[in-house]
Amino acid sequence: MPTLLPEDEIFTDPSFVGTKADCICERLLASSEGFKGMIQKFDGEFSVSNIKFSLEDNLPNTTNGETSVISPGLIGISLNQNILGGRTNLGVARTLIHETIHAEMYRKVLSMGGQVSINDFPGIYDYYRRYAKNWQHEQMAAYYVDVIGEMLQDFDNYSQNYQFYEDFAWVGLYYFNDNNAGPGNHTYAQAWNDLQESEQNRIKIVMTNGENNGSKICN
Amino acid sequence: MVAKYAIRIILVLVIGRITESSSQSIYLEFDHSSDEKCYTSSTPNEKELYSKFSKKEKGDIQFFRICMEEFTYIQGDYCDVKKRNNVKFSSIADLYAYEDKVLAKKAKNDGVIHIIFRSEIDSIFIAERIDDESVKVYKVSWVHKIE
């Protein structure tokens, strides 16, 4: 039987309850109003969809997490159990935020029954028309890097300057599985290609540091 | 009167054939004992090979994973044992091409985008290898997901 996180009416699979991921999710909810606000949109009473967190043990090590539409009324976020222990708290928080933004994008599409006009959600309309099956990552790279950065800064209690968190938000966004080209094919986000080379180099260093250095224990 | 019925029957048969030929069934081969691998990467320099086939059960749902794609079979849905030779197998690349076809069919120039979830795409089957001669065919739902 799924349990509920105390702060919100979101479901957590038994695989998730009491784990490091659960602890980081609760810390995110407590520290970031932005993250909490996003999660509250899935409140069972008012939303078209609920959200459910779980851990998966059959994902490749290069996959931190994934978001799936389990049914029109339920969106699942799964984190990779196999690599969870070795990841930094900040890295896991970034994955939770990244996947929750995917869930939010799906929720918006589901709320329109899959048919979105420019008046409903102009961003989704525009990015789907331009990038077809890659629309979510392209839109997230263009418009959500600062949103993710702010949530990470809240989570990390402002330990670093804002630029660090915004740079770290690029993990999973600058380069992603190309859904238009099929399995095994990857592509760089347009917003990444638009950055100066010096910015890209700075971000690459931050991405590596953020994934490797920092606390890996949540309690 | 007889001629009228004959025409009706012919029409029903012809329409039936047209409907049949415009729909497509995708049979994906699933061999849990296979050593085949897929590869994925999260950065341009980080490539990883991992098992092509994996399977698990949660309650009355079976989850089949082929590379990064996942399919669910719910206990009680269509499932049957068939001769391997009678099944025409498709690859994951064929499945993507089929998805593109479905998306193109749904696209209209009406100022609205029509986003189709993969679970809405019908007629996808997993053909799980039993032995050299037979497979167990499951009607599955393609899970819509993103990393």
# chains A, B, ... in the order shown; residues from 1 in each chain; ligands from 1
call {"tool": "residues_around", "arguments": {"residues": "Lys136 in chain B", "least_positions_apart": "2", "cutoff": "8 Å", "atoms": "only C-alpha atoms", "output": "list of chain:residue names"}}
result
B:Cys79, B:Asp80, B:Val81, B:Lys82, B:Ile126, B:Ala127, B:Glu128, B:Arg129, B:Ile130, B:Ser134, B:Tyr138
call {"tool": "closest_atom_pairs", "arguments": {"of": "chain A", "to": "chain B", "cutoff": "6 Å", "atoms": "only C-alpha atoms", "output": "tab-separated table"}}
result
residue	atom	partner	partner_atom	distance
A:Thr62	CA	B:Ser42	CA	5.4
A:Gly65	CA	B:Glu147	CA	5.9
A:Glu66	CA	B:Glu147	CA	4.1
A:Thr67	CA	B:Lys145	CA	5.4
A:Ser68	CA	B:Lys145	CA	4.0
A:Val69	CA	B:His144	CA	5.5
A:Gly114	CA	B:Ile115	CA	4.9
A:Gln115	CA	B:His114	CA	4.7
A:Val116	CA	B:Ile113	CA	5.3
A:Ser117	CA	B:Val112	CA	4.4
A:Gly184	CA	B:Thr40	CA	5.7
call {"tool": "select_by_dssp", "arguments": {"residues": "chain B", "states": "strand (DSSP E or B)", "output": "tab-separated table (two decimals) with C-alpha atoms, in the first residue's frame"}}
result
chain	number	residue	atom	x	y	z
B	26	ILE	CA	4.04	-4.97	-34.02
B	27	TYR	CA	5.54	-8.13	-32.56
B	28	LEU	CA	8.70	-7.54	-30.53
B	29	GLU	CA	10.90	-10.52	-29.83
B	30	PHE	CA	11.78	-10.95	-26.17
B	37	LYS	CA	23.22	-5.65	-25.17
B	38	CYS	CA	22.05	-2.11	-25.80
B	39	TYR	CA	24.05	0.99	-25.14
B	40	THR	CA	23.17	4.31	-23.62
B	41	SER	CA	25.08	7.41	-22.59
B	42	SER	CA	24.39	10.36	-20.34
B	43	THR	CA	27.36	12.37	-21.61
B	46	GLU	CA	30.20	8.02	-21.06
B	47	LYS	CA	28.84	5.00	-22.90
B	48	GLU	CA	27.35	2.00	-21.18
B	49	LEU	CA	26.34	-1.42	-22.42
B	50	TYR	CA	23.51	-3.10	-20.57
B	51	SER	CA	21.23	-6.13	-21.04
B	53	PHE	CA	16.02	-7.76	-22.15
B	54	SER	CA	14.77	-7.60	-18.59
B	55	LYS	CA	11.51	-8.51	-17.00
B	56	LYS	CA	9.81	-8.20	-13.65
B	57	GLU	CA	6.43	-8.62	-12.06
B	58	LYS	CA	4.57	-6.30	-9.69
B	61	ILE	CA	1.40	-6.46	-14.01
B	62	GLN	CA	4.39	-7.81	-15.91
B	63	PHE	CA	6.99	-5.29	-17.03
B	64	PHE	CA	9.05	-6.13	-20.12
B	65	ARG	CA	12.03	-3.93	-20.91
B	66	ILE	CA	13.76	-3.97	-24.30
B	69	GLU	CA	11.63	0.93	-23.77
B	70	GLU	CA	9.21	-0.59	-21.31
B	71	PHE	CA	5.98	-2.48	-21.92
B	72	THR	CA	3.34	-3.65	-19.48
B	73	TYR	CA	1.12	-6.68	-19.63
B	74	ILE	CA	-1.84	-6.87	-17.29
B	79	CYS	CA	-1.89	-13.80	-24.37
B	80	ASP	CA	-1.35	-16.94	-26.44
B	81	VAL	CA	1.32	-19.45	-27.42
B	82	LYS	CA	2.20	-19.34	-31.12
B	83	LYS	CA	4.58	-21.03	-33.51
B	89	PHE	CA	9.05	-9.86	-35.74
B	90	SER	CA	9.71	-6.13	-35.67
B	112	VAL	CA	-3.56	22.51	-32.29
B	113	ILE	CA	-0.78	20.05	-31.53
B	114	HIS	CA	-1.90	16.49	-30.93
B	124	ILE	CA	1.88	-3.94	-29.80
B	125	PHE	CA	2.78	-7.45	-28.75
B	126	ILE	CA	5.71	-8.97	-26.90
B	127	ALA	CA	6.64	-12.42	-28.23
B	128	GLU	CA	8.57	-14.09	-25.43
B	129	ARG	CA	10.77	-16.98	-26.49
B	134	SER	CA	7.37	-21.36	-29.95
B	135	VAL	CA	6.76	-17.99	-28.37
B	136	LYS	CA	4.27	-16.68	-25.82
B	137	VAL	CA	2.56	-13.62	-27.24
B	138	TYR	CA	1.33	-10.88	-24.87
B	139	LYS	CA	-0.72	-7.83	-25.87
B	140	VAL	CA	1.12	-5.01	-24.13
B	141	SER	CA	0.95	-1.30	-23.49
B	142	TRP	CA	4.02	0.80	-24.42
B	144	HIS	CA	5.43	6.62	-22.25
B	145	LYS	CA	8.56	7.81	-20.46
B	146	ILE	CA	11.43	10.21	-20.53
call {"tool": "residues_around", "arguments": {"residues": "Ile51 in chain A", "least_positions_apart": "4", "cutoff": "8 Å", "atoms": "only C-alpha atoms", "output": "count of residues only"}}
result
8
call {"tool": "select_by_dssp", "arguments": {"residues": "chain B", "states": "alpha helix (DSSP H)", "output": "PyMOL selection string"}}
result
chain B and resi 2-22+92-106
call {"tool": "residues_around", "arguments": {"residues": "Asn212 in chain A", "least_positions_apart": "5", "cutoff": "9 Å", "atoms": "only C-alpha atoms", "output": "PDB file with C-alpha atoms, in the first residue's frame"}}
result
ATOM      1  CA  GLY A  86      27.117   6.765  -4.592  1.00  0.00           C
ATOM      2  CA  ARG A  87      25.457   9.996  -5.677  1.00  0.00           C
ATOM      3  CA  THR A  88      25.689  13.350  -3.933  1.00  0.00           C
ATOM      4  CA  GLY A  91      22.821  15.378  -7.551  1.00  0.00           C
ATOM      5  CA  MET A 207      28.557  19.372 -13.554  1.00  0.00           C
TER       6      MET A 207
END
call {"tool": "residues_around", "arguments": {"residues": "Tyr128 in chain A", "least_positions_apart": "2", "cutoff": "10 Å", "atoms": "only C-alpha atoms", "output": "list in words"}}
result
Val116, Pro122, Gly123, Ile124, Tyr125, Asp126, Arg130, Tyr131, Ala132, Lys133, Asn134, Trp135, Gln136, Glu138 and Gln139 of chain A; Ile113, His114 and Ile115 of chain B
call {"tool": "write_last_selection", "arguments": {"atoms": "N, CA and C atoms", "output": "PDB file, in the first residue's frame"}}
result
ATOM      1  N   VAL A 116      -3.172  20.529 -27.541  1.00  0.00           N
ATOM      2  CA  VAL A 116      -2.748  21.808 -26.969  1.00  0.00           C
ATOM      3  C   VAL A 116      -2.718  22.883 -28.050  1.00  0.00           C
ATOM      4  N   PRO A 122       1.489  28.141 -24.570  1.00  0.00           N
ATOM      5  CA  PRO A 122       2.270  28.598 -25.730  1.00  0.00           C
ATOM      6  C   PRO A 122       3.650  27.948 -25.824  1.00  0.00           C
ATOM      7  N   GLY A 123       4.294  27.732 -24.663  1.00  0.00           N
ATOM      8  CA  GLY A 123       5.636  27.122 -24.672  1.00  0.00           C
ATOM      9  C   GLY A 123       5.600  25.701 -25.198  1.00  0.00           C
ATOM     10  N   ILE A 124       4.679  24.904 -24.694  1.00  0.00           N
ATOM     11  CA  ILE A 124       4.567  23.509 -25.130  1.00  0.00           C
ATOM     12  C   ILE A 124       4.221  23.468 -26.619  1.00  0.00           C
ATOM     13  N   TYR A 125       3.279  24.315 -27.007  1.00  0.00           N
ATOM     14  CA  TYR A 125       2.855  24.374 -28.417  1.00  0.00           C
ATOM     15  C   TYR A 125       4.061  24.663 -29.312  1.00  0.00           C
ATOM     16  N   ASP A 126       4.808  25.696 -28.941  1.00  0.00           N
ATOM     17  CA  ASP A 126       5.947  26.117 -29.749  1.00  0.00           C
ATOM     18  C   ASP A 126       7.028  25.042 -29.795  1.00  0.00           C
ATOM     19  N   ARG A 130       8.426  22.728 -32.963  1.00  0.00           N
ATOM     20  CA  ARG A 130       9.805  22.869 -33.423  1.00  0.00           C
ATOM     21  C   ARG A 130      10.642  21.605 -33.247  1.00  0.00           C
ATOM     22  N   TYR A 131      10.404  20.890 -32.132  1.00  0.00           N
ATOM     23  CA  TYR A 131      11.306  19.783 -31.794  1.00  0.00           C
ATOM     24  C   TYR A 131      10.610  18.427 -31.696  1.00  0.00           C
ATOM     25  N   ALA A 132       9.345  18.361 -31.997  1.00  0.00           N
ATOM     26  CA  ALA A 132       8.573  17.107 -31.966  1.00  0.00           C
ATOM     27  C   ALA A 132       8.859  16.320 -30.683  1.00  0.00           C
ATOM     28  N   LYS A 133       9.342  15.094 -30.799  1.00  0.00           N
ATOM     29  CA  LYS A 133       9.465  14.225 -29.627  1.00  0.00           C
ATOM     30  C   LYS A 133      10.537  14.685 -28.627  1.00  0.00           C
ATOM     31  N   ASN A 134      11.404  15.620 -29.015  1.00  0.00           N
ATOM     32  CA  ASN A 134      12.411  16.150 -28.076  1.00  0.00           C
ATOM     33  C   ASN A 134      11.944  17.424 -27.367  1.00  0.00           C
ATOM     34  N   TRP A 135      10.672  17.745 -27.469  1.00  0.00           N
ATOM     35  CA  TRP A 135      10.209  19.056 -26.985  1.00  0.00           C
ATOM     36  C   TRP A 135      10.482  19.293 -25.507  1.00  0.00           C
ATOM     37  N   GLN A 136      10.338  18.258 -24.694  1.00  0.00           N
ATOM     38  CA  GLN A 136      10.470  18.488 -23.246  1.00  0.00           C
ATOM     39  C   GLN A 136      11.884  18.917 -22.859  1.00  0.00           C
ATOM     40  N   GLU A 138      14.237  20.147 -24.767  1.00  0.00           N
ATOM     41  CA  GLU A 138      14.598  21.427 -25.398  1.00  0.00           C
ATOM     42  C   GLU A 138      13.968  22.585 -24.634  1.00  0.00           C
ATOM     43  N   GLN A 139      12.715  22.429 -24.248  1.00  0.00           N
ATOM     44  CA  GLN A 139      12.042  23.499 -23.505  1.00  0.00           C
ATOM     45  C   GLN A 139      12.648  23.667 -22.108  1.00  0.00           C
TER      46      GLN A 139
ATOM     47  N   ILE B 113      -1.689  21.199 -31.442  1.00  0.00           N
ATOM     48  CA  ILE B 113      -0.783  20.048 -31.532  1.00  0.00           C
ATOM     49  C   ILE B 113      -1.456  18.855 -30.862  1.00  0.00           C
ATOM     50  N   HIS B 114      -1.274  17.703 -31.451  1.00  0.00           N
ATOM     51  CA  HIS B 114      -1.897  16.485 -30.933  1.00  0.00           C
ATOM     52  C   HIS B 114      -0.797  15.594 -30.376  1.00  0.00           C
ATOM     53  N   ILE B 115      -0.618  15.633 -29.082  1.00  0.00           N
ATOM     54  CA  ILE B 115       0.446  14.841 -28.470  1.00  0.00           C
ATOM     55  C   ILE B 115      -0.126  13.475 -28.099  1.00  0.00           C
TER      56      ILE B 115
END
call {"tool": "atom_distance", "arguments": {"atom1": "CA of Ala21 in chain A", "atom2": "CA of Arg94 in chain A"}}
result
11.2 Å
call {"tool": "atom_distance", "arguments": {"atom1": "CA of Thr12 in chain A", "atom2": "CA of Leu55 in chain A"}}
result
9.6 Å
call {"tool": "residues_around", "arguments": {"residues": "Lys41 in chain A", "least_positions_apart": "2", "cutoff": "12 Å", "atoms": "only C-alpha atoms", "output": "ChimeraX atom specification"}}
result
/A:8-10,34-39,43-51,100-101,103-108,111
